[in-house]
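Colleague: Below is the structure I would like to discuss, written out as C-alpha cells.
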Amino acid sequence: MTYSTITGLGFYVPENVVTNQDLTQYMDTSDAWIRERTGIEQRRYFTYGKDTNASMAAAASRMAIDRAGLQTTDIELIVFATITPDYFFPGSGFLMQRELGLEGIGVIDIRNQCSGFVYALSIADQFIKTGMYKKVLVVGSEIQSTWINKSNQGRGVAVIFGDGAGAAVLQATDDPEHRVLSTHLHADGRYAEDLYVRDPGSSRPSRAATKEMVDEGGFDVVMNGNAVFKHATVRFAEVINEALKANGYGPEDIALLVPHQANIRISDYVRQQLKLPAEKVYNNIQRYGNTTAASIPIALTEAWEQGRIQPGDVVCLAAFGSGFTWASALIKW
C-alpha cells in the first residue's frame with residue numbers, strides 16, 4: 001500500500017520585527033496587555049517591495065525541497081493555503097509556481113483559514129495514497145499586516161496577526177511505520193460570522209461603493225472573541241482525540257503536539273485537557289504571532305530544526321479557525 005511521508009520542511013518570516021511596544025504608536029495598548037491576553041511578544045511584518053505572499057512561499061518551499069533532497073522540478077503538485085493572496089484572483093499558488101519555474105504542474109488553492117495547512121496536507125496525502133502523485137508541495141503563506149486595523153477600534157485583532165510562510169514536501173512511501181497516519185477535517189458554517197472579513201465580496205454593491213465599504217468597516221476583521229475561544233477549546237481537544245482514537249493511541253503517546261498558533265491561552269487550555277506536559281507542546285506564537293495558514297508549518301519546521309521531533313515519534317498537528325473549521329493530522333515520523 002502507498003502512504004505519504006514528510007521528507008522536507010521549510011519556512012520564511014520577514015526580517016521586519018514588530019514588538020508589542022512598536023504597536024503603541026498606532027493604538028492604546030501595552031506590552032503587558034498583549035502578553036496577558038495572547039502570549040505574543042512580537043511578530044513579523046512584510047517589507048513592501050521585497051516580500052510578497054508568493055515570494056515568501058517560494059522561499060519556504062525552496063528550503064523544504066532542498067531538505068527533502070529533491071530538485072524543484074521533481075514536484076508534481078502544489079497545494080497552497082492562504083486567506084491573503086497577492087491578487088483577488090488568481091491565487092498566490094499560481095504566482096509561486098511561476099517563481100519556482102514549475103509551469104505545467106497542477107496547483108490547488110484552498111481557503112480554510114487557520115486550518116488551511118492541515119486541510120492542504122490532507123489533500124496531498126489523499127493524492128499520494130491514490131497513486132496519482134508521488135511528490136507534492138504543501139504550503140501555507142500569509143501577509144496579514146496590510147489589512148488589519150491598527151487603531152483602537154481594531155486593536156483586539158490587530159495585535160494578534162503576523163506574516164510568514166511555511167512548506168512541507170510529501171512523498172510516497174511503502175513504509176507503514178513512518179508516514180501520515182490519518183487526517184481529520186471538520187467545519188460548521190453556522191458560525192461563519194463569528195470570525196470573518198465581509199469585503200470585498202461579490203454579493204455586495206459594485207466597485208463604486210468600495211470607499212463606503214471601507215468607511216463602514218467592511219474590510220475589518222469581525223471577531224466574537226468569546227465564541228471563538230469556547231469553540232476552539234472544545235474542537236481542538238475533540239479533533240486531537242479523534243486522530244488518536246483512529247490509530248489506537250492515547251494522549252500519552254504523543255511525542256509532540258504542534259497546534260495552530262492562535263492564542264497561548266487556547267494552547268495551554270488544550271494541553272491541560274489532554275494532560276500533556278509543557279515540553280510536549282510546541283508554541284512559537286511569542287515570536288511570530290498568529291500567521292494563520294502558515295503557523296503550523298513554521299512551528300513544525302522550527303520544532304524539527306531544534307531536534308524536538310525524532311524518527312518514530314508520534315506527532316499531532318491540530319488547528320481551529322474561521323468558518324468555523326477545525327482539523328488534525330497524526331504523523332508517525
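The way I read the labels, and the way they are meant: chains A, B, ... in the order of the C-alpha cells, residue 1 as the first residue of every chain, and ligand 1 as the first ligand shown, with later ones counted on from there.
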Quick one: residues within 6 Å of A:Gln171, only C-alpha atoms, excluding same-chain residues fewer than 2 positions away - as a PDB file with C-alpha atoms, in the first residue's frame?

Modeller:
ATOM      1  CA  SER A   4       2.745   9.618   2.311  1.00  0.00           C
ATOM      2  CA  THR A   5       5.566  10.874   4.480  1.00  0.00           C
ATOM      3  CA  LYS A 134       4.475  10.880  -5.649  1.00  0.00           C
ATOM      4  CA  LYS A 135       5.902  14.276  -4.682  1.00  0.00           C
TER       5      LYS A 135
END

Colleague: Which residues are close to stretch 45-57 of chain A, i.e. within 9 Å by only C-alpha atoms, leaving aside same-chain residues fewer than 6 positions away? Reply as a PyMOL selection string.

Modeller: chain A and resi 11-18+80+82+84-86+92-97+99+139-146+162-167

Colleague: Going by DSSP on the backbone, which bits of stretch 131-255 of chain A are alpha helix (DSSP H)? Write them as a ChimeraX atom specification, please.

Modeller: /A:155-158,210-215,225-246

Colleague: Take the selection from the previous step and output its residues with N, CA, C and O atoms, as a tab-separated table (two decimals), in the first residue's frame.

Modeller:
chain	number	residue	atom	x	y	z
A	155	ARG	N	-7.79	47.06	17.70
A	155	ARG	CA	-6.62	46.56	18.41
A	155	ARG	C	-6.79	45.12	18.91
A	155	ARG	O	-5.80	44.38	19.01
A	156	GLY	N	-8.01	44.72	19.26
A	156	GLY	CA	-8.22	43.37	19.76
A	156	GLY	C	-7.82	42.30	18.78
A	156	GLY	O	-7.47	41.18	19.16
A	157	VAL	N	-7.85	42.64	17.49
A	157	VAL	CA	-7.44	41.72	16.43
A	157	VAL	C	-6.04	42.05	15.92
A	157	VAL	O	-5.23	41.16	15.68
A	158	ALA	N	-5.76	43.34	15.78
A	158	ALA	CA	-4.51	43.78	15.15
A	158	ALA	C	-3.27	43.27	15.87
A	158	ALA	O	-2.26	42.98	15.24
A	210	THR	N	-16.79	50.97	-3.06
A	210	THR	CA	-15.66	50.49	-2.28
A	210	THR	C	-15.31	51.40	-1.12
A	210	THR	O	-15.08	50.95	0.00
A	211	LYS	N	-15.29	52.73	-1.35
A	211	LYS	CA	-14.94	53.66	-0.28
A	211	LYS	C	-15.96	53.56	0.85
A	211	LYS	O	-15.59	53.59	2.04
A	212	GLU	N	-17.21	53.40	0.50
A	212	GLU	CA	-18.25	53.25	1.52
A	212	GLU	C	-18.02	51.99	2.35
A	212	GLU	O	-18.19	51.99	3.57
A	213	MET	N	-17.62	50.90	1.68
A	213	MET	CA	-17.33	49.66	2.38
A	213	MET	C	-16.19	49.85	3.38
A	213	MET	O	-16.25	49.36	4.52
A	214	VAL	N	-15.15	50.56	2.95
A	214	VAL	CA	-14.01	50.82	3.83
A	214	VAL	C	-14.45	51.66	5.02
A	214	VAL	O	-14.14	51.36	6.18
A	215	ASP	N	-15.19	52.75	4.74
A	215	ASP	CA	-15.64	53.65	5.81
A	215	ASP	C	-16.53	52.94	6.82
A	215	ASP	O	-16.52	53.26	8.01
A	225	GLY	N	-14.86	37.16	20.13
A	225	GLY	CA	-13.76	36.51	20.84
A	225	GLY	C	-14.19	35.40	21.79
A	225	GLY	O	-13.57	34.34	21.84
A	226	ASN	N	-15.28	35.63	22.52
A	226	ASN	CA	-15.74	34.62	23.48
A	226	ASN	C	-16.19	33.36	22.76
A	226	ASN	O	-15.88	32.23	23.19
A	227	ALA	N	-16.93	33.52	21.66
A	227	ALA	CA	-17.42	32.36	20.90
A	227	ALA	C	-16.25	31.59	20.30
A	227	ALA	O	-16.23	30.35	20.33
A	228	VAL	N	-15.29	32.31	19.76
A	228	VAL	CA	-14.13	31.65	19.14
A	228	VAL	C	-13.37	30.85	20.20
A	228	VAL	O	-13.00	29.69	19.97
A	229	PHE	N	-13.14	31.45	21.35
A	229	PHE	CA	-12.38	30.76	22.40
A	229	PHE	C	-13.11	29.50	22.87
A	229	PHE	O	-12.51	28.43	23.00
A	230	LYS	N	-14.42	29.62	23.10
A	230	LYS	CA	-15.19	28.47	23.59
A	230	LYS	C	-15.20	27.32	22.58
A	230	LYS	O	-15.00	26.16	22.94
A	231	HIS	N	-15.44	27.66	21.33
A	231	HIS	CA	-15.48	26.61	20.30
A	231	HIS	C	-14.09	26.02	20.09
A	231	HIS	O	-13.94	24.81	19.90
A	232	ALA	N	-13.06	26.87	20.08
A	232	ALA	CA	-11.70	26.39	19.82
A	232	ALA	C	-11.25	25.40	20.87
A	232	ALA	O	-10.70	24.34	20.55
A	233	THR	N	-11.48	25.70	22.12
A	233	THR	CA	-11.02	24.80	23.19
A	233	THR	C	-11.72	23.44	23.13
A	233	THR	O	-11.11	22.41	23.43
A	234	VAL	N	-12.98	23.44	22.71
A	234	VAL	CA	-13.71	22.17	22.57
A	234	VAL	C	-13.25	21.40	21.34
A	234	VAL	O	-12.94	20.21	21.40
A	235	ARG	N	-13.20	22.10	20.21
A	235	ARG	CA	-12.90	21.42	18.95
A	235	ARG	C	-11.46	20.93	18.86
A	235	ARG	O	-11.18	19.88	18.28
A	236	PHE	N	-10.53	21.70	19.43
A	236	PHE	CA	-9.13	21.26	19.44
A	236	PHE	C	-9.03	19.88	20.11
A	236	PHE	O	-8.46	18.94	19.55
A	237	ALA	N	-9.55	19.77	21.31
A	237	ALA	CA	-9.45	18.52	22.05
A	237	ALA	C	-10.18	17.40	21.31
A	237	ALA	O	-9.69	16.27	21.23
A	238	GLU	N	-11.37	17.70	20.77
A	238	GLU	CA	-12.14	16.68	20.05
A	238	GLU	C	-11.37	16.11	18.87
A	238	GLU	O	-11.29	14.88	18.70
A	239	VAL	N	-10.81	16.99	18.05
A	239	VAL	CA	-10.19	16.52	16.81
A	239	VAL	C	-8.85	15.85	17.08
A	239	VAL	O	-8.44	14.96	16.33
A	240	ILE	N	-8.17	16.23	18.14
A	240	ILE	CA	-6.95	15.54	18.54
A	240	ILE	C	-7.28	14.13	19.02
A	240	ILE	O	-6.65	13.14	18.61
A	241	ASN	N	-8.28	14.03	19.88
A	241	ASN	CA	-8.68	12.71	20.38
A	241	ASN	C	-9.23	11.83	19.26
A	241	ASN	O	-9.05	10.61	19.29
A	242	GLU	N	-9.89	12.44	18.29
A	242	GLU	CA	-10.38	11.68	17.13
A	242	GLU	C	-9.23	11.02	16.39
A	242	GLU	O	-9.30	9.84	16.02
A	243	ALA	N	-8.17	11.78	16.17
A	243	ALA	CA	-7.00	11.24	15.47
A	243	ALA	C	-6.33	10.14	16.27
A	243	ALA	O	-5.93	9.10	15.73
A	244	LEU	N	-6.20	10.36	17.57
A	244	LEU	CA	-5.58	9.34	18.42
A	244	LEU	C	-6.40	8.06	18.44
A	244	LEU	O	-5.86	6.96	18.28
A	245	LYS	N	-7.70	8.18	18.61
A	245	LYS	CA	-8.56	7.00	18.67
A	245	LYS	C	-8.53	6.22	17.35
A	245	LYS	O	-8.52	4.98	17.35
A	246	ALA	N	-8.50	6.94	16.23
A	246	ALA	CA	-8.49	6.29	14.92
A	246	ALA	C	-7.27	5.42	14.71
A	246	ALA	O	-7.28	4.49	13.90

Colleague: Please provide the set of residues having any atom within 9 Å of stretch 295-299 of chain A, restricted to only C-alpha atoms, with same-chain residues fewer than 4 positions apart removed, written as a PyMOL selection string.

Modeller: chain A and resi 9-13+114-115+117-118+139-141+164-168+258-262+282-285+288-291+303-304+317-319

Colleague: Export, as a short mmCIF file (atom, residue, chain, number, x, y, z; two decimals), in the first residue's frame, the selected residues with N, CA and C atoms.

Modeller:
data_model
loop_
_atom_site.label_atom_id
_atom_site.label_comp_id
_atom_site.auth_asym_id
_atom_site.auth_seq_id
_atom_site.Cartn_x
_atom_site.Cartn_y
_atom_site.Cartn_z
N LEU A 9 11.01 20.15 5.27
CA LEU A 9 10.27 21.25 5.87
C LEU A 9 11.04 22.55 5.68
N GLY A 10 10.31 23.65 5.54
CA GLY A 10 10.97 24.95 5.41
C GLY A 10 10.04 26.07 5.82
N PHE A 11 10.61 27.22 6.19
CA PHE A 11 9.77 28.38 6.49
C PHE A 11 10.52 29.66 6.18
N TYR A 12 9.74 30.73 6.07
CA TYR A 12 10.30 32.06 5.84
C TYR A 12 9.47 33.05 6.64
N VAL A 13 10.15 33.91 7.39
CA VAL A 13 9.47 35.03 8.04
C VAL A 13 10.20 36.31 7.64
N CYS A 114 -7.28 29.29 9.33
CA CYS A 114 -6.24 28.79 10.23
C CYS A 114 -6.05 27.28 10.14
N SER A 115 -7.03 26.58 9.60
CA SER A 115 -6.89 25.13 9.38
C SER A 115 -6.32 24.82 8.00
N PHE A 117 -3.40 24.73 6.44
CA PHE A 117 -2.28 23.84 6.18
C PHE A 117 -2.66 22.39 6.42
N VAL A 118 -3.43 22.10 7.47
CA VAL A 118 -3.82 20.72 7.74
C VAL A 118 -4.76 20.21 6.64
N VAL A 139 1.89 24.14 1.09
CA VAL A 139 2.35 25.47 1.51
C VAL A 139 1.25 26.22 2.24
N GLY A 140 1.64 26.98 3.28
CA GLY A 140 0.77 27.96 3.91
C GLY A 140 1.51 29.28 3.97
N SER A 141 0.89 30.35 3.49
CA SER A 141 1.59 31.64 3.43
C SER A 141 0.59 32.77 3.66
N GLY A 164 4.14 35.47 7.37
CA GLY A 164 5.13 34.41 7.24
C GLY A 164 4.64 33.31 6.32
N ALA A 165 5.52 32.34 6.09
CA ALA A 165 5.19 31.22 5.20
C ALA A 165 5.90 29.96 5.67
N GLY A 166 5.26 28.82 5.43
CA GLY A 166 5.86 27.53 5.76
C GLY A 166 5.50 26.51 4.70
N ALA A 167 6.33 25.49 4.55
CA ALA A 167 6.11 24.50 3.49
C ALA A 167 6.58 23.13 3.92
N ALA A 168 5.98 22.12 3.31
CA ALA A 168 6.38 20.73 3.54
C ALA A 168 6.32 19.98 2.23
N VAL A 258 1.74 19.97 17.80
CA VAL A 258 2.01 21.27 17.16
C VAL A 258 0.66 21.88 16.80
N PRO A 259 0.13 22.73 17.66
CA PRO A 259 -1.18 23.34 17.39
C PRO A 259 -1.04 24.60 16.55
N HIS A 260 -2.13 24.97 15.90
CA HIS A 260 -2.17 26.29 15.27
C HIS A 260 -1.91 27.34 16.33
N GLN A 261 -1.10 28.33 15.99
CA GLN A 261 -0.70 29.35 16.96
C GLN A 261 -1.71 30.48 16.98
N ALA A 262 -2.82 30.25 17.66
CA ALA A 262 -3.90 31.23 17.71
C ALA A 262 -3.78 32.13 18.93
N TYR A 282 4.46 22.39 21.22
CA TYR A 282 5.37 23.39 20.66
C TYR A 282 4.61 24.68 20.38
N ASN A 283 5.07 25.76 20.98
CA ASN A 283 4.48 27.09 20.76
C ASN A 283 5.57 28.07 20.34
N ASN A 284 5.27 28.84 19.32
CA ASN A 284 6.16 29.94 18.94
C ASN A 284 5.39 31.22 18.66
N ILE A 285 4.14 31.27 19.14
CA ILE A 285 3.33 32.47 18.94
C ILE A 285 3.98 33.69 19.59
N TYR A 288 6.14 35.09 16.63
CA TYR A 288 5.57 35.33 15.29
C TYR A 288 4.11 35.73 15.27
N GLY A 289 3.43 35.68 16.42
CA GLY A 289 2.01 35.95 16.41
C GLY A 289 1.25 34.85 15.68
N ASN A 290 0.03 35.16 15.30
CA ASN A 290 -0.81 34.22 14.57
C ASN A 290 -0.61 34.44 13.08
N THR A 291 0.00 33.48 12.40
CA THR A 291 0.25 33.59 10.96
C THR A 291 -0.71 32.71 10.16
N ALA A 303 10.38 23.16 15.24
CA ALA A 303 10.48 22.02 16.17
C ALA A 303 11.43 20.97 15.62
N TRP A 304 11.33 20.68 14.34
CA TRP A 304 12.23 19.71 13.71
C TRP A 304 13.69 20.20 13.75
N LEU A 317 -0.73 17.36 14.60
CA LEU A 317 -0.99 18.73 14.17
C LEU A 317 -2.48 18.98 14.37
N ALA A 318 -2.83 20.15 14.89
CA ALA A 318 -4.25 20.45 15.11
C ALA A 318 -4.50 21.94 14.92
N ALA A 319 -5.66 22.26 14.36
CA ALA A 319 -5.98 23.66 14.06
C ALA A 319 -7.46 23.93 14.22
#

Colleague: Among stretch 27-125 of chain A, which ones does DSSP assign to strand (DSSP E or B) (computed from the backbone)? Answer as a ChimeraX atom specification.

Modeller: /A:42-45,77-81,106-110

Colleague: Keeping all heavy atoms, export the residues of the selection given above as a CSV table (one decimal), in the first residue's frame.

Modeller:
chain,number,residue,atom,x,y,z
A,42,GLN,N,6.1,39.6,20.0
A,42,GLN,CA,6.5,40.2,18.8
A,42,GLN,C,5.9,39.4,17.6
A,42,GLN,O,5.4,38.3,17.7
A,42,GLN,CB,8.0,40.4,18.6
A,42,GLN,CG,8.7,39.0,18.6
A,42,GLN,CD,10.2,39.1,18.5
A,42,GLN,OE1,10.8,40.0,19.2
A,42,GLN,NE2,10.9,38.4,17.7
A,43,ARG,N,6.0,40.0,16.4
A,43,ARG,CA,5.5,39.4,15.2
A,43,ARG,C,6.3,40.0,14.0
A,43,ARG,O,7.1,40.9,14.2
A,43,ARG,CB,4.0,39.5,14.9
A,43,ARG,CG,3.5,40.9,14.5
A,43,ARG,CD,3.5,42.0,15.6
A,43,ARG,NE,2.5,41.6,16.7
A,43,ARG,CZ,2.7,41.9,17.9
A,43,ARG,NH1,3.8,42.6,18.3
A,43,ARG,NH2,1.8,41.7,18.8
A,44,ARG,N,6.2,39.4,12.9
A,44,ARG,CA,6.9,39.9,11.7
A,44,ARG,C,5.9,40.5,10.7
A,44,ARG,O,4.9,40.0,10.5
A,44,ARG,CB,7.7,38.7,11.0
A,44,ARG,CG,8.7,38.0,11.9
A,44,ARG,CD,9.8,38.8,12.3
A,44,ARG,NE,10.8,38.1,13.1
A,44,ARG,CZ,11.9,37.5,12.6
A,44,ARG,NH1,12.2,37.7,11.3
A,44,ARG,NH2,12.7,36.9,13.4
A,45,TYR,N,6.4,41.6,10.1
A,45,TYR,CA,5.6,42.3,9.1
A,45,TYR,C,6.4,42.3,7.8
A,45,TYR,O,7.6,42.5,7.8
A,45,TYR,CB,5.2,43.7,9.4
A,45,TYR,CG,4.1,43.9,10.4
A,45,TYR,CD1,3.8,45.2,10.8
A,45,TYR,CD2,3.4,42.8,11.0
A,45,TYR,CE1,2.7,45.4,11.8
A,45,TYR,CE2,2.4,43.0,11.9
A,45,TYR,CZ,2.1,44.3,12.3
A,45,TYR,OH,1.1,44.5,13.2
A,77,LEU,N,2.8,18.4,-7.8
A,77,LEU,CA,1.6,19.1,-7.5
A,77,LEU,C,1.8,20.0,-6.4
A,77,LEU,O,2.7,19.8,-5.5
A,77,LEU,CB,0.5,18.0,-7.0
A,77,LEU,CG,-0.8,18.6,-6.6
A,77,LEU,CD1,-1.6,19.2,-7.7
A,77,LEU,CD2,-1.7,17.5,-5.8
A,78,ILE,N,1.1,21.2,-6.4
A,78,ILE,CA,1.2,22.2,-5.3
A,78,ILE,C,-0.2,22.3,-4.7
A,78,ILE,O,-1.2,22.5,-5.4
A,78,ILE,CB,1.7,23.5,-5.9
A,78,ILE,CG1,3.1,23.5,-6.4
A,78,ILE,CG2,1.6,24.6,-4.8
A,78,ILE,CD1,3.5,24.7,-7.2
A,79,VAL,N,-0.2,22.2,-3.4
A,79,VAL,CA,-1.5,22.5,-2.6
A,79,VAL,C,-1.1,23.8,-1.8
A,79,VAL,O,-0.3,23.7,-0.9
A,79,VAL,CB,-2.0,21.4,-1.8
A,79,VAL,CG1,-3.4,21.7,-1.2
A,79,VAL,CG2,-2.0,20.1,-2.6
A,80,PHE,N,-1.8,24.9,-2.0
A,80,PHE,CA,-1.4,26.2,-1.4
A,80,PHE,C,-2.6,26.7,-0.6
A,80,PHE,O,-3.7,26.9,-1.1
A,80,PHE,CB,-1.1,27.1,-2.6
A,80,PHE,CG,-0.3,28.4,-2.2
A,80,PHE,CD1,1.0,28.5,-2.4
A,80,PHE,CD2,-1.0,29.4,-1.6
A,80,PHE,CE1,1.7,29.7,-2.0
A,80,PHE,CE2,-0.3,30.6,-1.2
A,80,PHE,CZ,1.0,30.7,-1.4
A,81,ALA,N,-2.3,27.0,0.7
A,81,ALA,CA,-3.3,27.5,1.6
A,81,ALA,C,-3.0,29.0,2.0
A,81,ALA,O,-1.9,29.3,2.4
A,81,ALA,CB,-3.4,26.7,2.8
A,106,GLY,N,-0.1,20.9,-11.6
A,106,GLY,CA,-1.3,21.3,-11.0
A,106,GLY,C,-1.1,22.1,-9.8
A,106,GLY,O,-0.1,21.9,-9.0
A,107,VAL,N,-2.0,23.1,-9.6
A,107,VAL,CA,-2.0,24.0,-8.4
A,107,VAL,C,-3.4,23.9,-7.8
A,107,VAL,O,-4.4,24.2,-8.5
A,107,VAL,CB,-1.6,25.4,-8.7
A,107,VAL,CG1,-1.7,26.3,-7.5
A,107,VAL,CG2,-0.2,25.5,-9.3
A,108,ILE,N,-3.5,23.6,-6.6
A,108,ILE,CA,-4.8,23.7,-5.9
A,108,ILE,C,-4.7,24.8,-4.8
A,108,ILE,O,-3.9,24.7,-3.9
A,108,ILE,CB,-5.1,22.3,-5.2
A,108,ILE,CG1,-5.2,21.2,-6.2
A,108,ILE,CG2,-6.4,22.4,-4.4
A,108,ILE,CD1,-5.4,19.8,-5.6
A,109,ASP,N,-5.5,25.8,-5.0
A,109,ASP,CA,-5.6,26.9,-4.0
A,109,ASP,C,-6.7,26.6,-3.1
A,109,ASP,O,-7.9,26.4,-3.5
A,109,ASP,CB,-5.8,28.2,-4.7
A,109,ASP,CG,-4.5,29.0,-4.8
A,109,ASP,OD1,-3.5,28.4,-5.0
A,109,ASP,OD2,-4.6,30.3,-4.6
A,110,ILE,N,-6.5,26.7,-1.8
A,110,ILE,CA,-7.6,26.5,-0.8
A,110,ILE,C,-7.7,27.6,0.2
A,110,ILE,O,-6.6,28.3,0.5
A,110,ILE,CB,-7.5,25.1,-0.1
A,110,ILE,CG1,-6.2,25.1,0.9
A,110,ILE,CG2,-7.4,24.0,-1.1
A,110,ILE,CD1,-6.2,23.9,1.8
